[in-house]
>>> print(open('input_30.pdb').read())   # PDB, C-alpha atoms
ATOM      1  CA  LYS A   1      -5.525 -10.549 -22.034
ATOM      2  CA  PHE A   2      -5.905 -11.019 -18.242
ATOM      3  CA  LEU A   3      -3.890  -7.885 -17.464
ATOM      4  CA  GLU A   4      -5.846  -5.975 -20.079
ATOM      5  CA  HIS A   5      -9.133  -7.280 -18.690
ATOM      6  CA  GLU A   6      -8.008  -6.229 -15.185
ATOM      7  CA  LYS A   7      -7.274  -2.741 -16.612
ATOM      8  CA  LEU A   8      -3.596  -3.034 -15.668
ATOM      9  CA  VAL A   9      -2.247  -2.689 -19.200
ATOM     10  CA  GLU A  10      -3.460  -1.002 -22.352
ATOM     11  CA  SER A  11      -3.195  -2.428 -25.825
ATOM     12  CA  LYS A  12      -2.129   0.010 -28.515
ATOM     13  CA  PRO A  13      -2.628  -1.383 -32.026
ATOM     14  CA  ARG A  14       0.647  -2.064 -33.847
ATOM     15  CA  ARG A  15       2.601  -0.748 -30.845
ATOM     16  CA  GLY A  16       2.112  -3.364 -28.128
ATOM     17  CA  TYR A  17       1.029  -3.384 -24.501
ATOM     18  CA  PHE A  18       1.792  -0.634 -22.015
ATOM     19  CA  VAL A  19       1.339  -0.335 -18.244
ATOM     20  CA  ARG A  20      -1.735   1.784 -17.814
ATOM     21  CA  LEU A  21      -1.431   5.091 -15.997
ATOM     22  CA  PHE A  22      -4.065   5.647 -13.344
ATOM     23  CA  SER A  23      -5.634   9.017 -12.625
ATOM     24  CA  LYS A  24      -5.722  10.553  -9.155
ATOM     25  CA  GLN A  25      -9.490   9.947  -9.088
ATOM     26  CA  GLU A  26      -8.912   6.247  -9.802
ATOM     27  CA  MET A  27      -6.251   6.154  -7.095
ATOM     28  CA  VAL A  28      -8.735   7.622  -4.599
ATOM     29  CA  SER A  29     -11.130   4.768  -5.406
ATOM     30  CA  ILE A  30      -8.345   2.195  -5.092
ATOM     31  CA  PHE A  31      -7.221   3.591  -1.728
ATOM     32  CA  GLU A  32     -10.811   3.486  -0.457
ATOM     33  CA  LEU A  33     -10.867  -0.226  -1.269
ATOM     34  CA  ARG A  34      -7.388  -0.825   0.124
ATOM     35  CA  GLU A  35      -8.382   0.866   3.391
ATOM     36  CA  VAL A  36     -11.105  -1.692   3.998
ATOM     37  CA  LEU A  37      -9.321  -4.726   2.569
ATOM     38  CA  GLU A  38      -5.897  -4.129   4.138
ATOM     39  CA  GLY A  39      -7.629  -3.295   7.399
ATOM     40  CA  LEU A  40      -9.202  -6.755   7.220
ATOM     41  CA  ALA A  41      -5.843  -8.314   6.299
ATOM     42  CA  ALA A  42      -4.174  -6.626   9.316
ATOM     43  CA  LYS A  43      -6.997  -7.837  11.580
ATOM     44  CA  ARG A  44      -6.565 -11.397  10.324
ATOM     45  CA  ALA A  45      -2.771 -11.156  10.513
ATOM     46  CA  ALA A  46      -2.963 -10.188  14.201
ATOM     47  CA  ALA A  47      -5.266 -13.141  14.887
ATOM     48  CA  ASN A  48      -3.181 -15.689  12.983
ATOM     49  CA  ILE A  49       0.460 -14.565  13.158
ATOM     50  CA  THR A  50       3.011 -17.145  14.266
ATOM     51  CA  ASP A  51       6.040 -16.484  16.465
ATOM     52  CA  LYS A  52       8.295 -17.003  13.426
ATOM     53  CA  GLN A  53       6.297 -14.410  11.450
ATOM     54  CA  ILE A  54       6.601 -11.975  14.370
ATOM     55  CA  GLU A  55      10.394 -12.329  14.104
ATOM     56  CA  ILE A  56      10.151 -11.347  10.433
ATOM     57  CA  LEU A  57       7.749  -8.486  11.208
ATOM     58  CA  ASN A  58      10.262  -7.115  13.740
ATOM     59  CA  CYS A  59      12.755  -6.572  10.893
ATOM     60  CA  PHE A  60      10.571  -4.177   8.898
ATOM     61  CA  PHE A  61      11.612  -0.503   8.853
ATOM     62  CA  GLY A  62      14.503  -1.160  11.271
ATOM     63  CA  SER A  63      16.996   0.762   9.164
ATOM     64  CA  PHE A  64      14.690   3.787   9.142
ATOM     65  CA  THR A  65      13.935   4.087  12.867
ATOM     66  CA  GLU A  66      17.343   5.640  13.637
ATOM     67  CA  SER A  67      16.737   8.691  11.456
ATOM     68  CA  ASP A  68      14.671  11.787  12.153
ATOM     69  CA  ASN A  69      14.628  12.588   8.443
ATOM     70  CA  ILE A  70      14.223   9.745   5.938
ATOM     71  CA  THR A  71      15.570  10.876   2.566
ATOM     72  CA  ASP A  72      16.065   7.556   0.732
ATOM     73  CA  TYR A  73      12.605   7.338  -0.825
ATOM     74  CA  ARG A  74      13.560   4.409  -3.058
ATOM     75  CA  ALA A  75      14.648   2.189  -0.145
ATOM     76  CA  TYR A  76      11.656   3.242   1.958
ATOM     77  CA  ALA A  77       9.212   2.603  -0.913
ATOM     78  CA  LYS A  78      10.675  -0.869  -1.350
ATOM     79  CA  GLU A  79      10.288  -1.567   2.384
ATOM     80  CA  ASP A  80       6.741  -0.152   2.293
ATOM     81  CA  ARG A  81       5.790  -2.580  -0.494
ATOM     82  CA  ARG A  82       7.461  -5.501   1.310
ATOM     83  CA  PHE A  83       5.569  -4.619   4.522
ATOM     84  CA  HIS A  84       2.145  -4.373   2.888
ATOM     85  CA  ASN A  85       2.784  -7.561   0.895
ATOM     86  CA  PHE A  86       3.827  -9.397   4.078
ATOM     87  CA  ILE A  87       0.645  -8.348   5.895
ATOM     88  CA  THR A  88      -1.344  -9.483   2.860
ATOM     89  CA  GLU A  89       0.563 -12.772   2.790
ATOM     90  CA  ILE A  90      -0.197 -13.673   6.413
ATOM     91  CA  GLY A  91      -3.565 -12.000   6.798
ATOM     92  CA  ALA A  92      -5.344 -12.462   3.500
ATOM     93  CA  LYS A  93      -6.852 -15.728   2.445
ATOM     94  CA  GLU A  94      -8.496 -16.888  -0.768
ATOM     95  CA  PHE A  95      -9.865 -14.014  -2.846
ATOM     96  CA  LEU A  96      -8.665 -11.222  -0.585
ATOM     97  CA  LYS A  97      -5.013 -11.991  -1.342
ATOM     98  CA  SER A  98      -5.374 -11.810  -5.135
ATOM     99  CA  ILE A  99      -7.488  -8.653  -4.922
ATOM    100  CA  LEU A 100      -4.930  -6.922  -2.714
ATOM    101  CA  GLN A 101      -2.022  -8.018  -4.901
ATOM    102  CA  THR A 102      -3.751  -6.386  -7.878
ATOM    103  CA  TYR A 103      -4.363  -3.144  -5.938
ATOM    104  CA  ASN A 104      -0.796  -3.132  -4.621
ATOM    105  CA  PHE A 105       0.471  -3.501  -8.197
ATOM    106  CA  ILE A 106      -1.698  -0.583  -9.304
ATOM    107  CA  THR A 107      -0.508   1.555  -6.394
ATOM    108  CA  ALA A 108       3.125   0.763  -7.181
ATOM    109  CA  SER A 109       2.530   1.814 -10.786
ATOM    110  CA  TYR A 110       1.215   5.191  -9.619
ATOM    111  CA  GLN A 111       4.606   6.829  -9.661
ATOM    112  CA  TYR A 112       5.747  10.292  -9.007
ATOM    113  CA  LEU A 113       9.355  10.098 -10.101
ATOM    114  CA  SER A 114      10.501  11.996  -7.035
ATOM    115  CA  THR A 115       8.563   9.882  -4.512
ATOM    116  CA  GLU A 116       9.026   6.345  -5.870
ATOM    117  CA  GLY A 117       5.280   5.672  -5.858
ATOM    118  CA  LEU A 118       4.753   6.781  -2.245
ATOM    119  CA  VAL A 119       1.656   8.903  -1.685
ATOM    120  CA  ARG A 120       3.024  10.562   1.471
ATOM    121  CA  PRO A 121       6.575  11.182   2.699
ATOM    122  CA  PRO A 122       8.283   8.464   4.780
ATOM    123  CA  ASN A 123       8.668  10.831   7.750
ATOM    124  CA  GLU A 124       4.865  10.986   7.854
ATOM    125  CA  THR A 125       4.161   7.262   7.562
ATOM    126  CA  ILE A 126       6.960   5.552   9.520
ATOM    127  CA  GLN A 127       5.210   5.850  12.900
ATOM    128  CA  GLU A 128       1.954   4.572  11.379
ATOM    129  CA  HIS A 129       3.740   1.493  10.038
ATOM    130  CA  LEU A 130       5.433   0.861  13.386
ATOM    131  CA  ALA A 131       2.109   1.172  15.238
ATOM    132  CA  VAL A 132       0.499  -1.413  12.928
ATOM    133  CA  ILE A 133       3.471  -3.723  13.513
ATOM    134  CA  GLU A 134       3.112  -3.401  17.305
ATOM    135  CA  ALA A 135      -0.623  -4.128  17.195
ATOM    136  CA  ILE A 136      -0.076  -7.229  15.061
ATOM    137  CA  LYS A 137       2.790  -8.421  17.299
ATOM    138  CA  ASP A 138       0.476  -7.933  20.312
ATOM    139  CA  ARG A 139      -2.120 -10.002  18.435
ATOM    140  CA  ASP A 140      -4.593  -7.145  18.920
ATOM    141  CA  SER A 141      -6.886  -7.635  15.912
ATOM    142  CA  GLU A 142      -9.076  -4.587  16.472
ATOM    143  CA  ALA A 143      -6.148  -2.195  16.949
ATOM    144  CA  ALA A 144      -4.333  -3.664  13.920
ATOM    145  CA  GLU A 145      -7.389  -3.133  11.727
ATOM    146  CA  ASN A 146      -8.052   0.379  13.041
ATOM    147  CA  LEU A 147      -4.433   1.482  12.701
ATOM    148  CA  MET A 148      -4.130   0.118   9.160
ATOM    149  CA  ARG A 149      -7.374   1.823   8.180
ATOM    150  CA  GLN A 150      -6.154   5.116   9.720
ATOM    151  CA  HIS A 151      -2.948   4.772   7.706
ATOM    152  CA  PHE A 152      -4.978   4.559   4.490
ATOM    153  CA  LYS A 153      -7.449   7.279   5.543
ATOM    154  CA  LYS A 154      -4.541   9.718   5.855
ATOM    155  CA  SER A 155      -3.229   8.804   2.406
ATOM    156  CA  LEU A 156      -6.753   9.112   1.023
ATOM    157  CA  ALA A 157      -7.122  12.577   2.502
ATOM    158  CA  TYR A 158      -3.796  13.546   0.905
ATOM    159  CA  LEU A 159      -4.886  12.206  -2.509
ATOM    160  CA  LYS A 160      -8.225  14.020  -2.242
ATOM    161  CA  ARG A 161      -6.488  17.313  -1.377
ATOM    162  CA  GLU A 162      -4.256  16.869  -4.433
ATOM    163  CA  LEU A 163      -7.275  16.069  -6.589
ATOM    164  CA  ASN A 164      -9.177  19.118  -5.329
ATOM    165  CA  GLY A 165      -6.090  21.291  -5.807
ATOM    166  CA  GLU A 166      -5.887  20.219  -9.448
ATOM    167  CA  ALA A 167      -9.604  20.816  -9.957
ATOM    168  CA  ASN A 168      -9.265  24.342  -8.587
ATOM    169  CA  LYS A 169      -6.456  25.305 -10.990
TER     170      LYS A 169
END
>>> encode(input="input_30.pdb", output="structure tokens")
Amino acid sequence: KFLEHEKLVESKPRRGYFVRLFSKQEMVSIFELREVLEGLAAKRAAANITDKQIEILNCFFGSFTESDNITDYRAYAKEDRRFHNFITEIGAKEFLKSILQTYNFITASYQYLSTEGLVRPPNETIQEHLAVIEAIKDRDSEAAENLMRQHFKKSLAYLKRELNGEANK
């Protein structure tokens, strides 16, 4: 009932429960919220990160920095989810954490089979992720928030272009 109430699953009489598919318009709304909320989480993470957590943060995306062309979308998508969840874990307190976990679940369920749930290609987002990591490691709260928000603004713009492209067909 909770998942149904949260609009994460749909109940189909005599058939069971199914993960709900979200429209591009709904994803635009979710990314608008994630921009603000994950920006706040990144800001808090930069202010509160421990040296041990910085060691962990240093390990994200390491296997992808050697390549000029990232083609393993599945591995990158998994690392992307781990990264965003880690920032949420260290930067989000109380209600913010549960809200972001719900939105991250929804985003992960928004799957293009060919892109493993990623909105934009890894070659486009890798430098954005690394910049957020550097700002958090430097404990620069404002830069961490701004860079995370920019990361989401670019994905939002991409989703909106897709949405407008569909509307114009």
>>> closest_residue(input="input_30.pdb", among="A:Arg120, A:Arg161, A:Arg14, A:Lys153", to="Phe31 (chain A)", atoms="all atoms listed in the file")
A:Lys153
>>> residues_near_point(input="input_30.pdb", point="(3.3, -2.0, 5.6)", cutoff="9 Å", atoms="all atoms listed in the file", output="PyMOL selection string")
chain A and resi 60+79-87+128-130+132-133+148
>>> write_last_selection(input="input_30.pdb", atoms="C-alpha atoms", output="PDB file, keeping the file's coordinate frame")
ATOM      1  CA  PHE A  60      10.571  -4.177   8.898  1.00  0.00           C
ATOM      2  CA  GLU A  79      10.288  -1.567   2.384  1.00  0.00           C
ATOM      3  CA  ASP A  80       6.741  -0.152   2.293  1.00  0.00           C
ATOM      4  CA  ARG A  81       5.790  -2.580  -0.494  1.00  0.00           C
ATOM      5  CA  ARG A  82       7.461  -5.501   1.310  1.00  0.00           C
ATOM      6  CA  PHE A  83       5.569  -4.619   4.522  1.00  0.00           C
ATOM      7  CA  HIS A  84       2.145  -4.373   2.888  1.00  0.00           C
ATOM      8  CA  ASN A  85       2.784  -7.561   0.895  1.00  0.00           C
ATOM      9  CA  PHE A  86       3.827  -9.397   4.078  1.00  0.00           C
ATOM     10  CA  ILE A  87       0.645  -8.348   5.895  1.00  0.00           C
ATOM     11  CA  GLU A 128       1.954   4.572  11.379  1.00  0.00           C
ATOM     12  CA  HIS A 129       3.740   1.493  10.038  1.00  0.00           C
ATOM     13  CA  LEU A 130       5.433   0.861  13.386  1.00  0.00           C
ATOM     14  CA  VAL A 132       0.499  -1.413  12.928  1.00  0.00           C
ATOM     15  CA  ILE A 133       3.471  -3.723  13.513  1.00  0.00           C
ATOM     16  CA  MET A 148      -4.130   0.118   9.160  1.00  0.00           C
TER      17      MET A 148
END
>>> residues_around(input="input_30.pdb", residues="Arg44 (chain A)", least_positions_apart="3", cutoff="6 Å", atoms="all atoms listed in the file", output="JSON, numbers by chain")
{"A": [41, 47, 91]}
>>> residues_around(input="input_30.pdb", residues="Arg149 (chain A)", least_positions_apart="6", cutoff="9 Å", atoms="only C-alpha atoms", output="list of chain:residue names")
A:Arg34, A:Glu35, A:Val36, A:Leu37, A:Glu38, A:Gly39, A:Leu40
>>> residues_around(input="input_30.pdb", residues="Ala157 (chain A)", least_positions_apart="5", cutoff="9 Å", atoms="all atoms listed in the file", output="PDB file with C-alpha atoms, in the coordinates of the input")
ATOM      1  CA  VAL A  28      -8.735   7.622  -4.599  1.00  0.00           C
ATOM      2  CA  PHE A 152      -4.978   4.559   4.490  1.00  0.00           C
ATOM      3  CA  GLU A 162      -4.256  16.869  -4.433  1.00  0.00           C
TER       4      GLU A 162
END
>>> resolve_selection(input="input_30.pdb", expression="the PyMOL selection byres ((chain A and resi 70) around 12)", output="PyMOL selection string")
chain A and resi 61+63-69+71-77+115+121-126
>>> decode(input="input_30.pdb", residues="region 49-60 of chain A", atoms="all heavy atoms", output="mmCIF file, in the first residue's frame")
data_model
loop_
_atom_site.group_PDB
_atom_site.id
_atom_site.type_symbol
_atom_site.label_atom_id
_atom_site.label_comp_id
_atom_site.auth_asym_id
_atom_site.auth_seq_id
_atom_site.Cartn_x
_atom_site.Cartn_y
_atom_site.Cartn_z
ATOM 1 N N ILE A 49 31.506 16.270 5.399
ATOM 2 C CA ILE A 49 32.228 15.057 5.001
ATOM 3 C C ILE A 49 33.442 14.813 5.911
ATOM 4 O O ILE A 49 34.125 15.752 6.308
ATOM 5 C CB ILE A 49 32.635 15.115 3.511
ATOM 6 C CG1 ILE A 49 33.051 13.732 3.014
ATOM 7 C CG2 ILE A 49 33.706 16.179 3.257
ATOM 8 C CD1 ILE A 49 33.098 13.594 1.508
ATOM 9 N N THR A 50 33.651 13.550 6.221
ATOM 10 C CA THR A 50 34.805 13.157 7.036
ATOM 11 C C THR A 50 35.956 12.751 6.115
ATOM 12 O O THR A 50 35.756 12.507 4.917
ATOM 13 C CB THR A 50 34.453 11.953 7.939
ATOM 14 O OG1 THR A 50 34.188 10.818 7.104
ATOM 15 C CG2 THR A 50 33.249 12.251 8.823
ATOM 16 N N ASP A 51 37.147 12.651 6.672
ATOM 17 C CA ASP A 51 38.304 12.218 5.885
ATOM 18 C C ASP A 51 38.083 10.804 5.338
ATOM 19 O O ASP A 51 38.463 10.509 4.204
ATOM 20 C CB ASP A 51 39.579 12.270 6.730
ATOM 21 C CG ASP A 51 39.999 13.705 7.044
ATOM 22 O OD1 ASP A 51 39.521 14.640 6.360
ATOM 23 O OD2 ASP A 51 40.800 13.892 7.981
ATOM 24 N N LYS A 52 37.487 9.939 6.133
ATOM 25 C CA LYS A 52 37.205 8.564 5.696
ATOM 26 C C LYS A 52 36.231 8.571 4.511
ATOM 27 O O LYS A 52 36.408 7.830 3.546
ATOM 28 C CB LYS A 52 36.617 7.763 6.867
ATOM 29 C CG LYS A 52 36.285 6.333 6.529
ATOM 30 C CD LYS A 52 37.538 5.484 6.422
ATOM 31 C CE LYS A 52 37.175 4.039 6.161
ATOM 32 N NZ LYS A 52 38.157 3.359 5.364
ATOM 33 N N GLN A 53 35.210 9.430 4.574
ATOM 34 C CA GLN A 53 34.249 9.526 3.470
ATOM 35 C C GLN A 53 34.897 10.097 2.208
ATOM 36 O O GLN A 53 34.545 9.719 1.096
ATOM 37 C CB GLN A 53 33.041 10.359 3.888
ATOM 38 C CG GLN A 53 32.161 9.640 4.900
ATOM 39 C CD GLN A 53 31.141 10.559 5.549
ATOM 40 O OE1 GLN A 53 31.400 11.743 5.771
ATOM 41 N NE2 GLN A 53 29.977 9.999 5.869
ATOM 42 N N ILE A 54 35.877 10.984 2.385
ATOM 43 C CA ILE A 54 36.607 11.521 1.231
ATOM 44 C C ILE A 54 37.369 10.399 0.537
ATOM 45 O O ILE A 54 37.417 10.343 -0.697
ATOM 46 C CB ILE A 54 37.550 12.678 1.643
ATOM 47 C CG1 ILE A 54 36.717 13.930 1.943
ATOM 48 C CG2 ILE A 54 38.577 12.965 0.548
ATOM 49 C CD1 ILE A 54 37.510 15.106 2.475
ATOM 50 N N GLU A 55 37.944 9.474 1.322
ATOM 51 C CA GLU A 55 38.636 8.323 0.736
ATOM 52 C C GLU A 55 37.680 7.511 -0.137
ATOM 53 O O GLU A 55 38.044 7.081 -1.233
ATOM 54 C CB GLU A 55 39.209 7.423 1.837
ATOM 55 C CG GLU A 55 40.415 7.983 2.541
ATOM 56 C CD GLU A 55 40.906 7.069 3.662
ATOM 57 O OE1 GLU A 55 40.742 5.830 3.540
ATOM 58 O OE2 GLU A 55 41.445 7.602 4.646
ATOM 59 N N ILE A 56 36.464 7.317 0.350
ATOM 60 C CA ILE A 56 35.455 6.575 -0.417
ATOM 61 C C ILE A 56 35.071 7.360 -1.672
ATOM 62 O O ILE A 56 34.991 6.808 -2.771
ATOM 63 C CB ILE A 56 34.216 6.273 0.456
ATOM 64 C CG1 ILE A 56 34.605 5.357 1.622
ATOM 65 C CG2 ILE A 56 33.093 5.653 -0.384
ATOM 66 C CD1 ILE A 56 33.553 5.243 2.709
ATOM 67 N N LEU A 57 34.855 8.655 -1.510
ATOM 68 C CA LEU A 57 34.466 9.521 -2.630
ATOM 69 C C LEU A 57 35.514 9.485 -3.742
ATOM 70 O O LEU A 57 35.178 9.512 -4.929
ATOM 71 C CB LEU A 57 34.270 10.953 -2.113
ATOM 72 C CG LEU A 57 33.519 11.937 -2.980
ATOM 73 C CD1 LEU A 57 32.117 11.448 -3.309
ATOM 74 C CD2 LEU A 57 33.455 13.296 -2.290
ATOM 75 N N ASN A 58 36.782 9.396 -3.360
ATOM 76 C CA ASN A 58 37.879 9.333 -4.338
ATOM 77 C C ASN A 58 37.788 8.116 -5.247
ATOM 78 O O ASN A 58 38.380 8.116 -6.326
ATOM 79 C CB ASN A 58 39.234 9.306 -3.624
ATOM 80 C CG ASN A 58 39.729 10.694 -3.315
ATOM 81 O OD1 ASN A 58 39.470 11.636 -4.036
ATOM 82 N ND2 ASN A 58 40.437 10.803 -2.203
ATOM 83 N N CYS A 59 37.080 7.086 -4.820
ATOM 84 C CA CYS A 59 36.997 5.833 -5.600
ATOM 85 C C CYS A 59 35.926 5.876 -6.680
ATOM 86 O O CYS A 59 35.910 5.025 -7.569
ATOM 87 C CB CYS A 59 36.740 4.655 -4.655
ATOM 88 S SG CYS A 59 38.092 4.398 -3.503
ATOM 89 N N PHE A 60 35.013 6.847 -6.610
ATOM 90 C CA PHE A 60 33.932 6.888 -7.595
ATOM 91 C C PHE A 60 34.456 7.279 -8.969
ATOM 92 O O PHE A 60 35.261 8.192 -9.109
ATOM 93 C CB PHE A 60 32.832 7.865 -7.162
ATOM 94 C CG PHE A 60 31.952 7.317 -6.090
ATOM 95 C CD1 PHE A 60 32.148 7.651 -4.768
ATOM 96 C CD2 PHE A 60 30.919 6.436 -6.404
ATOM 97 C CE1 PHE A 60 31.337 7.131 -3.769
ATOM 98 C CE2 PHE A 60 30.109 5.907 -5.421
ATOM 99 C CZ PHE A 60 30.314 6.261 -4.099
#
